[in-house]
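Here is the file data-v9.cif (mmCIF, C-alpha atoms and all ligand atoms).
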data_protein
#
loop_
_atom_site.label_atom_id
_atom_site.label_comp_id
_atom_site.auth_asym_id
_atom_site.auth_seq_id
_atom_site.Cartn_x
_atom_site.Cartn_y
_atom_site.Cartn_z
CA MET A 1 150.88 10.89 66.93
CA GLU A 2 151.90 12.33 63.61
CA ARG A 3 149.18 13.04 61.06
CA ILE A 4 149.73 13.80 57.40
CA SER A 5 147.30 15.76 55.30
CA THR A 6 147.47 15.53 51.50
CA SER A 7 145.27 16.42 48.57
CA ALA A 8 144.95 15.45 44.91
CA PRO A 9 142.92 17.10 42.15
CA GLY A 10 139.89 15.76 40.35
CA LYS A 11 139.99 15.71 36.55
CA LEU A 12 138.07 16.40 33.40
CA MET A 13 138.61 14.35 30.28
CA LEU A 14 138.88 16.69 27.31
CA PHE A 15 139.50 14.33 24.36
CA GLY A 16 140.04 10.65 23.66
CA GLU A 17 137.90 8.84 26.24
CA HIS A 18 137.30 5.13 25.65
CA ALA A 19 139.96 4.90 22.91
CA VAL A 20 142.56 5.55 25.65
CA VAL A 21 141.58 2.24 27.30
CA TYR A 22 142.96 0.53 24.16
CA GLY A 23 146.34 2.29 24.20
CA TYR A 24 145.39 5.41 22.21
CA PRO A 25 146.12 8.95 23.47
CA CYS A 26 143.81 11.28 25.37
CA ILE A 27 143.92 14.80 26.78
CA VAL A 28 142.93 15.27 30.42
CA THR A 29 143.08 18.29 32.70
CA ALA A 30 143.28 18.51 36.51
CA VAL A 31 140.62 20.70 38.14
CA ASP A 32 140.74 22.86 41.24
CA GLN A 33 138.28 20.62 43.08
CA ARG A 34 140.35 18.31 45.27
CA MET A 35 140.05 15.19 47.40
CA ARG A 36 141.72 15.52 50.79
CA VAL A 37 143.10 12.75 52.97
CA ILE A 38 144.31 12.88 56.56
CA VAL A 39 146.20 9.81 57.68
CA GLY A 40 148.03 8.92 60.89
CA PHE A 41 149.05 5.90 62.95
CA ASN A 42 146.46 4.83 65.53
CA GLY A 43 148.46 2.38 67.65
CA ARG A 44 146.08 -0.47 66.84
CA GLY A 45 146.45 -3.31 64.38
CA ALA A 46 143.58 -2.09 62.24
CA ILE A 47 142.58 0.66 59.85
CA GLY A 48 139.75 3.01 60.77
CA VAL A 49 138.23 4.95 57.88
CA ARG A 50 135.84 7.89 57.81
CA ALA A 51 134.58 9.18 54.47
CA PRO A 52 131.61 11.46 55.21
CA GLN A 53 131.21 12.56 51.55
CA VAL A 54 130.12 9.02 50.65
CA GLY A 55 128.15 8.48 53.86
CA LEU A 56 130.76 6.33 55.57
CA ASP A 57 130.86 7.18 59.27
CA ARG A 58 133.21 4.59 60.62
CA TYR A 59 134.82 1.51 59.13
CA HIS A 60 137.28 -0.86 60.78
CA LYS A 61 139.36 -3.67 59.39
CA ARG A 62 142.26 -5.56 60.93
CA ILE A 63 145.49 -5.16 58.95
CA ALA A 64 145.72 -8.94 58.65
CA ASP A 65 142.29 -9.01 56.96
CA LEU A 66 142.84 -6.23 54.41
CA GLY A 67 141.40 -7.16 51.03
CA LYS A 68 139.58 -10.13 52.52
CA GLN A 69 135.84 -10.48 53.26
CA GLU A 70 133.20 -8.15 51.93
CA VAL A 71 134.44 -4.57 51.48
CA PRO A 72 131.79 -1.83 51.26
CA LYS A 73 131.99 0.11 47.99
CA PRO A 74 133.03 3.52 49.34
CA VAL A 75 136.03 2.06 51.13
CA GLN A 76 137.27 -0.37 48.45
CA PHE A 77 139.87 1.91 46.87
CA ILE A 78 141.22 2.92 50.28
CA GLU A 79 141.44 -0.61 51.63
CA VAL A 80 143.06 -2.08 48.52
CA LEU A 81 145.56 0.79 48.33
CA VAL A 82 146.61 0.27 51.97
CA LYS A 83 146.88 -3.49 51.40
CA ASN A 84 149.09 -3.00 48.31
CA PHE A 85 151.25 -0.34 49.96
CA TYR A 86 151.72 -2.57 53.02
CA GLU A 87 152.63 -5.59 50.89
CA GLN A 88 155.03 -3.56 48.74
CA TYR A 89 156.87 -2.02 51.69
CA GLU A 90 156.35 -4.81 54.24
CA VAL A 91 154.87 -2.56 56.92
CA ASP A 92 151.85 -3.23 59.14
CA ARG A 93 150.96 -0.40 61.55
CA GLY A 94 147.32 0.53 62.16
CA LEU A 95 146.00 3.74 60.58
CA ASP A 96 143.23 6.27 60.98
CA ILE A 97 142.15 7.67 57.62
CA LEU A 98 139.77 10.54 56.98
CA THR A 99 138.79 11.59 53.46
CA GLU A 100 137.07 14.82 52.46
CA SER A 101 135.99 16.16 49.11
CA ASP A 102 135.65 19.65 47.60
CA PHE A 103 133.13 18.27 45.11
CA SER A 104 130.22 15.88 44.81
CA VAL A 105 131.41 12.36 44.01
CA ASN A 106 128.56 12.27 41.48
CA PHE A 107 130.22 14.71 39.04
CA GLY A 108 132.58 12.10 37.60
CA PHE A 109 135.61 14.20 38.52
CA GLY A 110 137.58 11.07 39.39
CA SER A 111 137.16 11.00 43.16
CA SER A 112 138.32 7.36 43.41
CA ALA A 113 141.59 8.00 41.56
CA ALA A 114 142.16 11.23 43.51
CA VAL A 115 141.54 9.63 46.92
CA THR A 116 143.77 6.66 46.02
CA THR A 117 146.55 9.00 44.94
CA ALA A 118 146.27 11.35 47.92
CA LEU A 119 146.33 8.38 50.30
CA ALA A 120 149.31 6.69 48.61
CA PHE A 121 151.22 9.97 48.75
CA GLY A 122 150.20 10.47 52.40
CA LEU A 123 151.40 6.98 53.34
CA SER A 124 154.74 7.57 51.63
CA LYS A 125 155.16 10.72 53.73
CA LEU A 126 153.99 9.04 56.94
CA TYR A 127 156.53 6.22 56.46
CA SER A 128 159.19 8.59 55.01
CA ILE A 129 159.45 6.40 51.92
CA GLN A 130 160.70 8.09 48.75
CA MET A 131 158.36 7.29 45.88
CA SER A 132 158.88 8.56 42.36
CA LYS A 133 155.85 9.75 40.39
CA LYS A 134 156.13 6.62 38.31
CA GLY A 135 156.23 4.46 41.46
CA LEU A 136 153.18 6.29 42.79
CA PHE A 137 151.38 5.79 39.48
CA ASP A 138 152.16 2.06 39.33
CA LEU A 139 150.93 1.45 42.89
CA CYS A 140 147.74 3.48 42.43
CA TYR A 141 146.98 2.04 38.99
CA LYS A 142 147.42 -1.51 40.24
CA SER A 143 145.04 -0.76 43.14
CA VAL A 144 142.39 0.91 40.95
CA LEU A 145 142.49 -1.99 38.48
CA GLU A 146 142.13 -4.45 41.35
CA VAL A 147 138.90 -2.73 42.44
CA GLN A 148 137.46 -1.70 39.08
CA GLY A 149 138.84 -4.28 36.67
CA VAL A 150 139.15 -1.77 33.81
CA GLY A 151 140.61 1.68 33.15
CA SER A 152 143.44 3.47 31.40
CA GLY A 153 144.91 5.24 34.44
CA PHE A 154 144.40 8.72 32.90
CA ASP A 155 142.64 9.89 36.06
CA ILE A 156 145.54 8.75 38.26
CA ALA A 157 147.99 10.55 35.97
CA ALA A 158 145.94 13.76 36.34
CA ALA A 159 145.81 13.31 40.14
CA ILE A 160 149.59 12.81 40.37
CA TYR A 161 150.98 15.20 37.76
CA GLY A 162 148.21 17.83 37.68
CA GLU A 163 148.15 20.35 34.78
CA THR A 164 146.72 19.41 31.38
CA LEU A 165 148.22 16.20 30.05
CA TYR A 166 148.62 14.32 26.83
CA PHE A 167 148.38 10.75 28.11
CA ILE A 168 148.74 7.46 26.30
CA GLY A 169 146.95 4.46 27.82
CA GLY A 170 149.16 2.36 30.06
CA ARG A 171 151.32 5.42 30.81
CA LYS A 172 153.39 4.97 27.68
CA GLU A 173 153.63 8.74 27.47
CA ILE A 174 152.69 11.65 29.74
CA LYS A 175 153.35 15.18 28.51
CA PRO A 176 152.10 18.42 30.01
CA LEU A 177 150.29 20.75 27.58
CA ASP A 178 149.73 24.48 27.89
CA SER A 179 146.00 25.05 28.40
CA ASP A 180 146.27 28.54 29.91
CA GLY A 181 143.10 30.54 29.48
CA LEU A 182 141.12 27.67 27.91
CA PRO A 183 137.54 28.99 27.98
CA LEU A 184 135.57 25.89 28.93
CA ILE A 185 132.16 25.62 30.50
CA VAL A 186 131.32 22.46 32.41
CA GLY A 187 127.73 21.27 32.64
CA TYR A 188 126.61 18.46 34.96
CA THR A 189 123.70 16.36 33.69
CA GLY A 190 122.48 15.36 37.15
CA VAL A 191 122.89 11.70 36.18
CA LYS A 192 125.63 9.61 37.79
CA ALA A 193 127.49 7.51 35.22
CA ASP A 194 128.91 4.09 35.94
CA THR A 195 132.31 4.06 34.22
CA PRO A 196 133.17 0.32 34.40
CA THR A 197 129.75 -0.58 32.92
CA LEU A 198 130.25 1.82 30.00
CA VAL A 199 133.81 0.60 29.39
CA ARG A 200 132.49 -2.98 29.30
CA GLN A 201 129.67 -1.94 26.98
CA VAL A 202 132.22 -0.54 24.50
CA ALA A 203 134.33 -3.71 24.86
CA GLU A 204 131.26 -5.76 24.03
CA LEU A 205 130.53 -3.62 20.95
CA ARG A 206 134.18 -4.05 19.90
CA ARG A 207 133.84 -7.80 20.27
CA ARG A 208 130.88 -7.80 17.90
CA ARG A 209 131.97 -5.01 15.51
CA LYS A 210 135.74 -4.98 15.76
CA ALA A 211 136.57 -3.27 12.45
CA LYS A 212 134.00 -0.53 13.03
CA VAL A 213 135.09 0.19 16.59
CA ASN A 214 138.80 0.12 15.74
CA LYS A 215 138.13 2.64 12.96
CA ILE A 216 136.34 4.89 15.45
CA PHE A 217 139.27 4.63 17.87
CA ALA A 218 141.75 5.48 15.11
CA GLU A 219 139.68 8.55 14.20
CA ILE A 220 139.48 9.58 17.83
CA ALA A 221 143.28 9.27 18.05
CA GLU A 222 143.62 11.62 15.06
CA ILE A 223 141.28 14.11 16.70
CA VAL A 224 143.39 14.01 19.85
CA GLU A 225 146.48 14.96 17.79
CA THR A 226 144.59 17.82 16.11
CA ALA A 227 143.28 18.98 19.48
CA ARG A 228 146.75 18.85 21.00
CA GLY A 229 148.06 21.25 18.33
CA ALA A 230 144.98 23.49 18.47
CA LEU A 231 145.18 23.71 22.26
CA THR A 232 148.81 24.76 22.28
CA GLU A 233 148.25 27.29 19.47
CA LYS A 234 145.04 28.49 21.16
CA ASN A 235 143.18 27.93 17.91
CA TYR A 236 139.79 27.59 19.53
CA VAL A 237 137.81 27.37 16.29
CA LEU A 238 139.78 24.25 15.34
CA LEU A 239 139.59 22.95 18.91
CA GLY A 240 135.81 23.39 18.97
CA ARG A 241 135.46 21.49 15.72
CA ALA A 242 137.59 18.70 17.18
CA MET A 243 135.22 18.54 20.16
CA ASP A 244 132.18 18.19 17.90
CA ARG A 245 133.85 15.46 15.85
CA ASN A 246 134.90 13.61 18.99
CA GLN A 247 131.34 13.82 20.31
CA LYS A 248 129.94 12.36 17.08
CA LEU A 249 132.27 9.36 17.39
CA LEU A 250 131.35 8.87 21.05
CA SER A 251 127.70 8.85 20.00
CA ASP A 252 128.57 6.21 17.39
CA LEU A 253 130.09 4.15 20.23
CA GLY A 254 126.74 4.42 21.99
CA VAL A 255 127.98 6.18 25.13
CA SER A 256 126.22 9.52 24.88
CA SER A 257 122.81 9.92 26.54
CA LYS A 258 119.73 12.03 26.02
CA GLU A 259 120.69 14.31 28.92
CA LEU A 260 124.19 14.82 27.50
CA ASP A 261 122.83 15.36 23.99
CA ARG A 262 120.36 17.92 25.31
CA LEU A 263 123.03 19.99 27.12
CA ILE A 264 125.46 19.71 24.19
CA ALA A 265 122.83 20.86 21.68
CA ALA A 266 121.80 23.76 23.95
CA ALA A 267 125.43 24.90 24.32
CA ARG A 268 125.98 24.77 20.57
CA ARG A 269 122.77 26.70 19.87
CA ALA A 270 123.93 29.37 22.32
CA GLY A 271 127.14 29.84 20.33
CA ALA A 272 129.62 27.33 21.73
CA LEU A 273 132.57 26.68 19.40
CA GLY A 274 132.23 22.99 20.20
CA ALA A 275 130.80 20.69 22.85
CA LYS A 276 131.14 17.08 23.93
CA LEU A 277 130.62 14.70 26.80
CA SER A 278 133.54 14.30 29.21
CA GLY A 279 134.51 10.88 30.57
CA ALA A 280 132.74 7.59 30.18
CA GLY A 281 129.41 9.07 29.03
CA GLY A 282 125.95 7.92 30.07
CA GLY A 283 125.69 11.00 32.32
CA ASP A 284 128.18 12.96 34.47
CA CYS A 285 129.46 16.10 32.73
CA MET A 286 129.70 17.71 29.31
CA VAL A 287 132.11 20.46 28.33
CA ALA A 288 131.57 23.35 25.93
CA LEU A 289 134.14 25.68 24.44
CA ARG A 290 132.96 29.24 24.50
CA SER A 291 133.92 32.33 22.57
CA ALA A 292 135.15 35.35 24.51
CA GLN A 293 131.61 36.70 25.01
CA GLY A 294 129.71 33.44 25.27
CA LYS A 295 130.04 32.60 28.97
CA LEU A 296 126.71 33.89 30.22
CA ALA A 297 124.63 32.82 27.21
CA ILE A 298 126.04 29.28 27.09
CA GLY A 299 125.85 28.83 30.85
CA LYS A 300 122.22 29.97 30.80
CA ALA A 301 121.39 27.65 27.89
CA ILE A 302 122.92 24.67 29.73
CA GLU A 303 120.87 25.47 32.84
CA GLU A 304 117.67 25.94 30.88
CA ALA A 305 118.30 22.53 29.31
CA GLY A 306 118.34 21.00 32.81
CA GLY A 307 122.10 21.04 33.53
CA GLU A 308 124.10 22.52 36.38
CA VAL A 309 127.06 24.72 35.48
CA ILE A 310 130.12 23.87 37.57
CA ASP A 311 132.75 26.54 37.90
CA VAL A 312 136.18 24.96 37.72
CA GLU A 313 139.69 26.09 37.14
CA LEU A 314 141.68 23.85 34.80
CA GLY A 315 145.29 22.69 34.67
CA THR A 316 145.78 22.82 38.43
CA GLU A 317 148.47 21.32 40.67
CA GLY A 318 148.86 17.56 41.15
CA VAL A 319 149.04 15.66 44.44
CA ARG A 320 150.60 17.64 47.28
CA LEU A 321 151.35 17.64 50.96
CA GLU A 322 148.99 20.00 52.78
CA LYS A 323 150.12 19.65 56.35
CA ARG A 324 152.21 17.56 58.69
CA ALA A 325 150.91 17.77 62.28
O1 LIG B 401 134.07 8.30 33.71
P1 LIG B 401 135.38 8.96 33.82
O2 LIG B 401 135.29 10.45 33.83
O3 LIG B 401 136.20 8.44 34.92
O4 LIG B 401 136.16 8.67 32.45
C1 LIG B 401 136.30 7.41 31.92
C2 LIG B 401 137.18 7.48 30.71
C3 LIG B 401 137.34 6.14 29.99
O5 LIG B 401 138.23 6.36 28.90
C4 LIG B 401 136.01 5.70 29.42
C5 LIG B 401 137.88 5.06 30.89
C6 LIG B 401 139.35 5.18 31.23
O6 LIG B 401 139.75 4.64 32.27
O7 LIG B 401 140.12 5.76 30.46
#
Just dump the structure as structure tokens.
Ligand code: PMV
Amino acid sequence: MERISTSAPGKLMLFGEHAVVYGYPCIVTAVDQRMRVIVGFNGRGAIGVRAPQVGLDRYHKRIADLGKQEVPKPVQFIEVLVKNFYEQYEVDRGLDILTESDFSVNFGFGSSAAVTTALAFGLSKLYSIQMSKKGLFDLCYKSVLEVQGVGSGFDIAAAIYGETLYFIGGRKEIKPLDSDGLPLIVGYTGVKADTPTLVRQVAELRRRRKAKVNKIFAEIAEIVETARGALTEKNYVLLGRAMDRNQKLLSDLGVSSKELDRLIAAARRAGALGAKLSGAGGGDCMVALRSAQGKLAIGKAIEEAGGEVIDVELGTEGVRLEKRA
């Protein structure tokens, strides 16, 4: 029986995290670490899922029961996506789904958004259904929100469109930006962050200190505009300063952590033009902008401060068909 293999990239948030959840802009880039999905019909009225990267050996669920009963965490995005796709297109054939990852799901590279996107794209190919990028986004975003409750959809946009994007929360605007040659170093703290918890923590702070938090968001939005110009003009001194200012505001929101602060300070001491956390905060990764010579020194400083340097290429291709077999 036919099997479709697809892949979608992970992402790195560059500017504007948290504010983007409230309809402000952000800048995100797709990385060359991808999630891969192989999907095919299995001739049974059930889905069978294997996701070895999250320790899931075998999972079965009857099509009629999708979205019902307890769903183990690693399979939630997959099950809800299949349920929503099947409802939208009124189809019901059983599927075998295998997911594989180029990267550790702990990095915060957006594995859930990437797997959801790669699977939705794979299903559209398997059923020969034409889906626009917007249609793909809407289906994936709806599914991610159903599982996670919160989120701006920036990670789905990166998984679908690839490249480096200027993205406004709720997909009000998506514009590719030229980030060719952007000299970034990525440092992993070793701590897994829990995005929904941090997003709720910021929401709670906003409930108590609305004026303060709205002012921070407005300042972050200004930084995103500055960064957008600096990125396109390759003005890395200005871009680095924008990173530092964005980091300060994220600290004021209470989402940085001692591990992030330690790696950021080490990168700056070693000559980085700017450094900040990337994503929800609380752990995961930080990014540092280096000067032409700084790669070795900054990388070494991050490692000495307890981080792991992850080599990634930025601005890579969005979701794609790998193989039809
Ligand atoms: O934790 P990450 O890398 O998935 O990034 C979360 C970014 C937030 O702005 C905090 C949430 C969102 O959905 O935009």
Give me the residues of chain A that have any atom at most 9 Å from an atom of ligand LIG 401 (chain B); for each, the nearest atom pair and the distance in Å, rounded to one decimal. Use all atoms listed in the file, sort by chain and number, and format it as JSON lines.
{"residue": "A:Lys11", "atom": "CA", "partner": "B:LIG401", "partner_atom": "O2", "distance": 7.6}
{"residue": "A:Leu12", "atom": "CA", "partner": "B:LIG401", "partner_atom": "O2", "distance": 6.6}
{"residue": "A:Met13", "atom": "CA", "partner": "B:LIG401", "partner_atom": "O2", "distance": 6.2}
{"residue": "A:Gly16", "atom": "CA", "partner": "B:LIG401", "partner_atom": "O5", "distance": 7.0}
{"residue": "A:Glu17", "atom": "CA", "partner": "B:LIG401", "partner_atom": "O5", "distance": 3.7}
{"residue": "A:His18", "atom": "CA", "partner": "B:LIG401", "partner_atom": "O5", "distance": 3.6}
{"residue": "A:Ala19", "atom": "CA", "partner": "B:LIG401", "partner_atom": "O5", "distance": 6.4}
{"residue": "A:Val20", "atom": "CA", "partner": "B:LIG401", "partner_atom": "O7", "distance": 5.4}
{"residue": "A:Val21", "atom": "CA", "partner": "B:LIG401", "partner_atom": "O7", "distance": 5.0}
{"residue": "A:Tyr22", "atom": "CA", "partner": "B:LIG401", "partner_atom": "O7", "distance": 8.7}
{"residue": "A:Cys26", "atom": "CA", "partner": "B:LIG401", "partner_atom": "O5", "distance": 8.2}
{"residue": "A:Phe107", "atom": "CA", "partner": "B:LIG401", "partner_atom": "O2", "distance": 8.4}
{"residue": "A:Gly108", "atom": "CA", "partner": "B:LIG401", "partner_atom": "O2", "distance": 4.9}
{"residue": "A:Phe109", "atom": "CA", "partner": "B:LIG401", "partner_atom": "O2", "distance": 6.0}
{"residue": "A:Gly110", "atom": "CA", "partner": "B:LIG401", "partner_atom": "O3", "distance": 5.4}
{"residue": "A:Ser111", "atom": "CA", "partner": "B:LIG401", "partner_atom": "O3", "distance": 8.7}
{"residue": "A:Ser112", "atom": "CA", "partner": "B:LIG401", "partner_atom": "O3", "distance": 8.8}
{"residue": "A:Ala113", "atom": "CA", "partner": "B:LIG401", "partner_atom": "O3", "distance": 8.6}
{"residue": "A:Val150", "atom": "CA", "partner": "B:LIG401", "partner_atom": "O6", "distance": 6.6}
{"residue": "A:Gly151", "atom": "CA", "partner": "B:LIG401", "partner_atom": "O6", "distance": 3.2}
{"residue": "A:Ser152", "atom": "CA", "partner": "B:LIG401", "partner_atom": "O6", "distance": 4.0}
{"residue": "A:Gly153", "atom": "CA", "partner": "B:LIG401", "partner_atom": "O6", "distance": 5.6}
{"residue": "A:Phe154", "atom": "CA", "partner": "B:LIG401", "partner_atom": "O7", "distance": 5.7}
{"residue": "A:Asp155", "atom": "CA", "partner": "B:LIG401", "partner_atom": "O3", "distance": 6.7}
{"residue": "A:Gly169", "atom": "CA", "partner": "B:LIG401", "partner_atom": "O7", "distance": 7.4}
{"residue": "A:Ala193", "atom": "CA", "partner": "B:LIG401", "partner_atom": "O1", "distance": 6.8}
{"residue": "A:Asp194", "atom": "CA", "partner": "B:LIG401", "partner_atom": "O1", "distance": 7.0}
{"residue": "A:Thr195", "atom": "CA", "partner": "B:LIG401", "partner_atom": "O1", "distance": 4.6}
{"residue": "A:Pro196", "atom": "CA", "partner": "B:LIG401", "partner_atom": "C5", "distance": 7.5}
{"residue": "A:Leu198", "atom": "CA", "partner": "B:LIG401", "partner_atom": "C4", "distance": 7.0}
{"residue": "A:Val199", "atom": "CA", "partner": "B:LIG401", "partner_atom": "C4", "distance": 5.6}
{"residue": "A:Val202", "atom": "CA", "partner": "B:LIG401", "partner_atom": "C4", "distance": 8.8}
{"residue": "A:Ser278", "atom": "CA", "partner": "B:LIG401", "partner_atom": "O2", "distance": 6.3}
{"residue": "A:Gly279", "atom": "CA", "partner": "B:LIG401", "partner_atom": "O4", "distance": 3.3}
{"residue": "A:Ala280", "atom": "CA", "partner": "B:LIG401", "partner_atom": "O1", "distance": 3.8}
{"residue": "A:Gly281", "atom": "CA", "partner": "B:LIG401", "partner_atom": "O1", "distance": 6.6}
{"residue": "A:Gly282", "atom": "CA", "partner": "B:LIG401", "partner_atom": "O1", "distance": 8.9}
{"residue": "A:Gly283", "atom": "CA", "partner": "B:LIG401", "partner_atom": "O1", "distance": 8.9}
{"residue": "A:Asp284", "atom": "CA", "partner": "B:LIG401", "partner_atom": "O1", "distance": 7.5}
{"residue": "A:Cys285", "atom": "CA", "partner": "B:LIG401", "partner_atom": "O2", "distance": 8.2}
Checklist entry - Could you pull the residues within 7 Å of Asp244 (chain A), counting all atoms listed in the file, minus those fewer than 4 positions along the same chain, as a list in words? => result Gly240, Lys248, Gly274, Ala275 and Lys276 of chain A
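For the pair CA of Gly135 (chain A) and CA of Val39 (chain A), the separation is 19.8 Å.
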Checklist entry - region 117-122 of chain A: which residues within 6 Å, counting all atoms listed in the file, same-chain residues fewer than 6 positions away excluded, as a PyMOL selection string? => result chain A and resi 6-8
Preceding selection exported with C-alpha atoms as an mmCIF file, in the coordinates of the input:
data_model
loop_
_atom_site.group_PDB
_atom_site.id
_atom_site.type_symbol
_atom_site.label_atom_id
_atom_site.label_comp_id
_atom_site.auth_asym_id
_atom_site.auth_seq_id
_atom_site.Cartn_x
_atom_site.Cartn_y
_atom_site.Cartn_z
ATOM 1 C CA THR A 6 147.470 15.530 51.500
ATOM 2 C CA SER A 7 145.270 16.420 48.570
ATOM 3 C CA ALA A 8 144.950 15.450 44.910
#
Checklist entry - Can you tell me, as a ChimeraX atom specification, what residues are no more than 10 Å from Ala64 (chain A) when counting all atoms listed in the file, ignoring any on the same chain fewer than 4 positions away? => result /A:45-46,68,83,92
Checklist entry - Of the candidates A:Ala218, A:Leu314, A:Val54, A:Ile302, which one gets nearest to Gly23 (chain A) if we count all atoms listed in the file? => result A:Ala218
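Residue neighbourhood of Lys234 (chain A), excluding near-sequence residues (fewer than 2 positions): Asp178, Ser179, Asp180, Gly181, Leu182, Ala227, Arg228, Gly229, Ala230, Leu231, Thr232, Tyr236, Val237, Leu238 and Leu239 of chain A, at 10 Å, using all atoms listed in the file.
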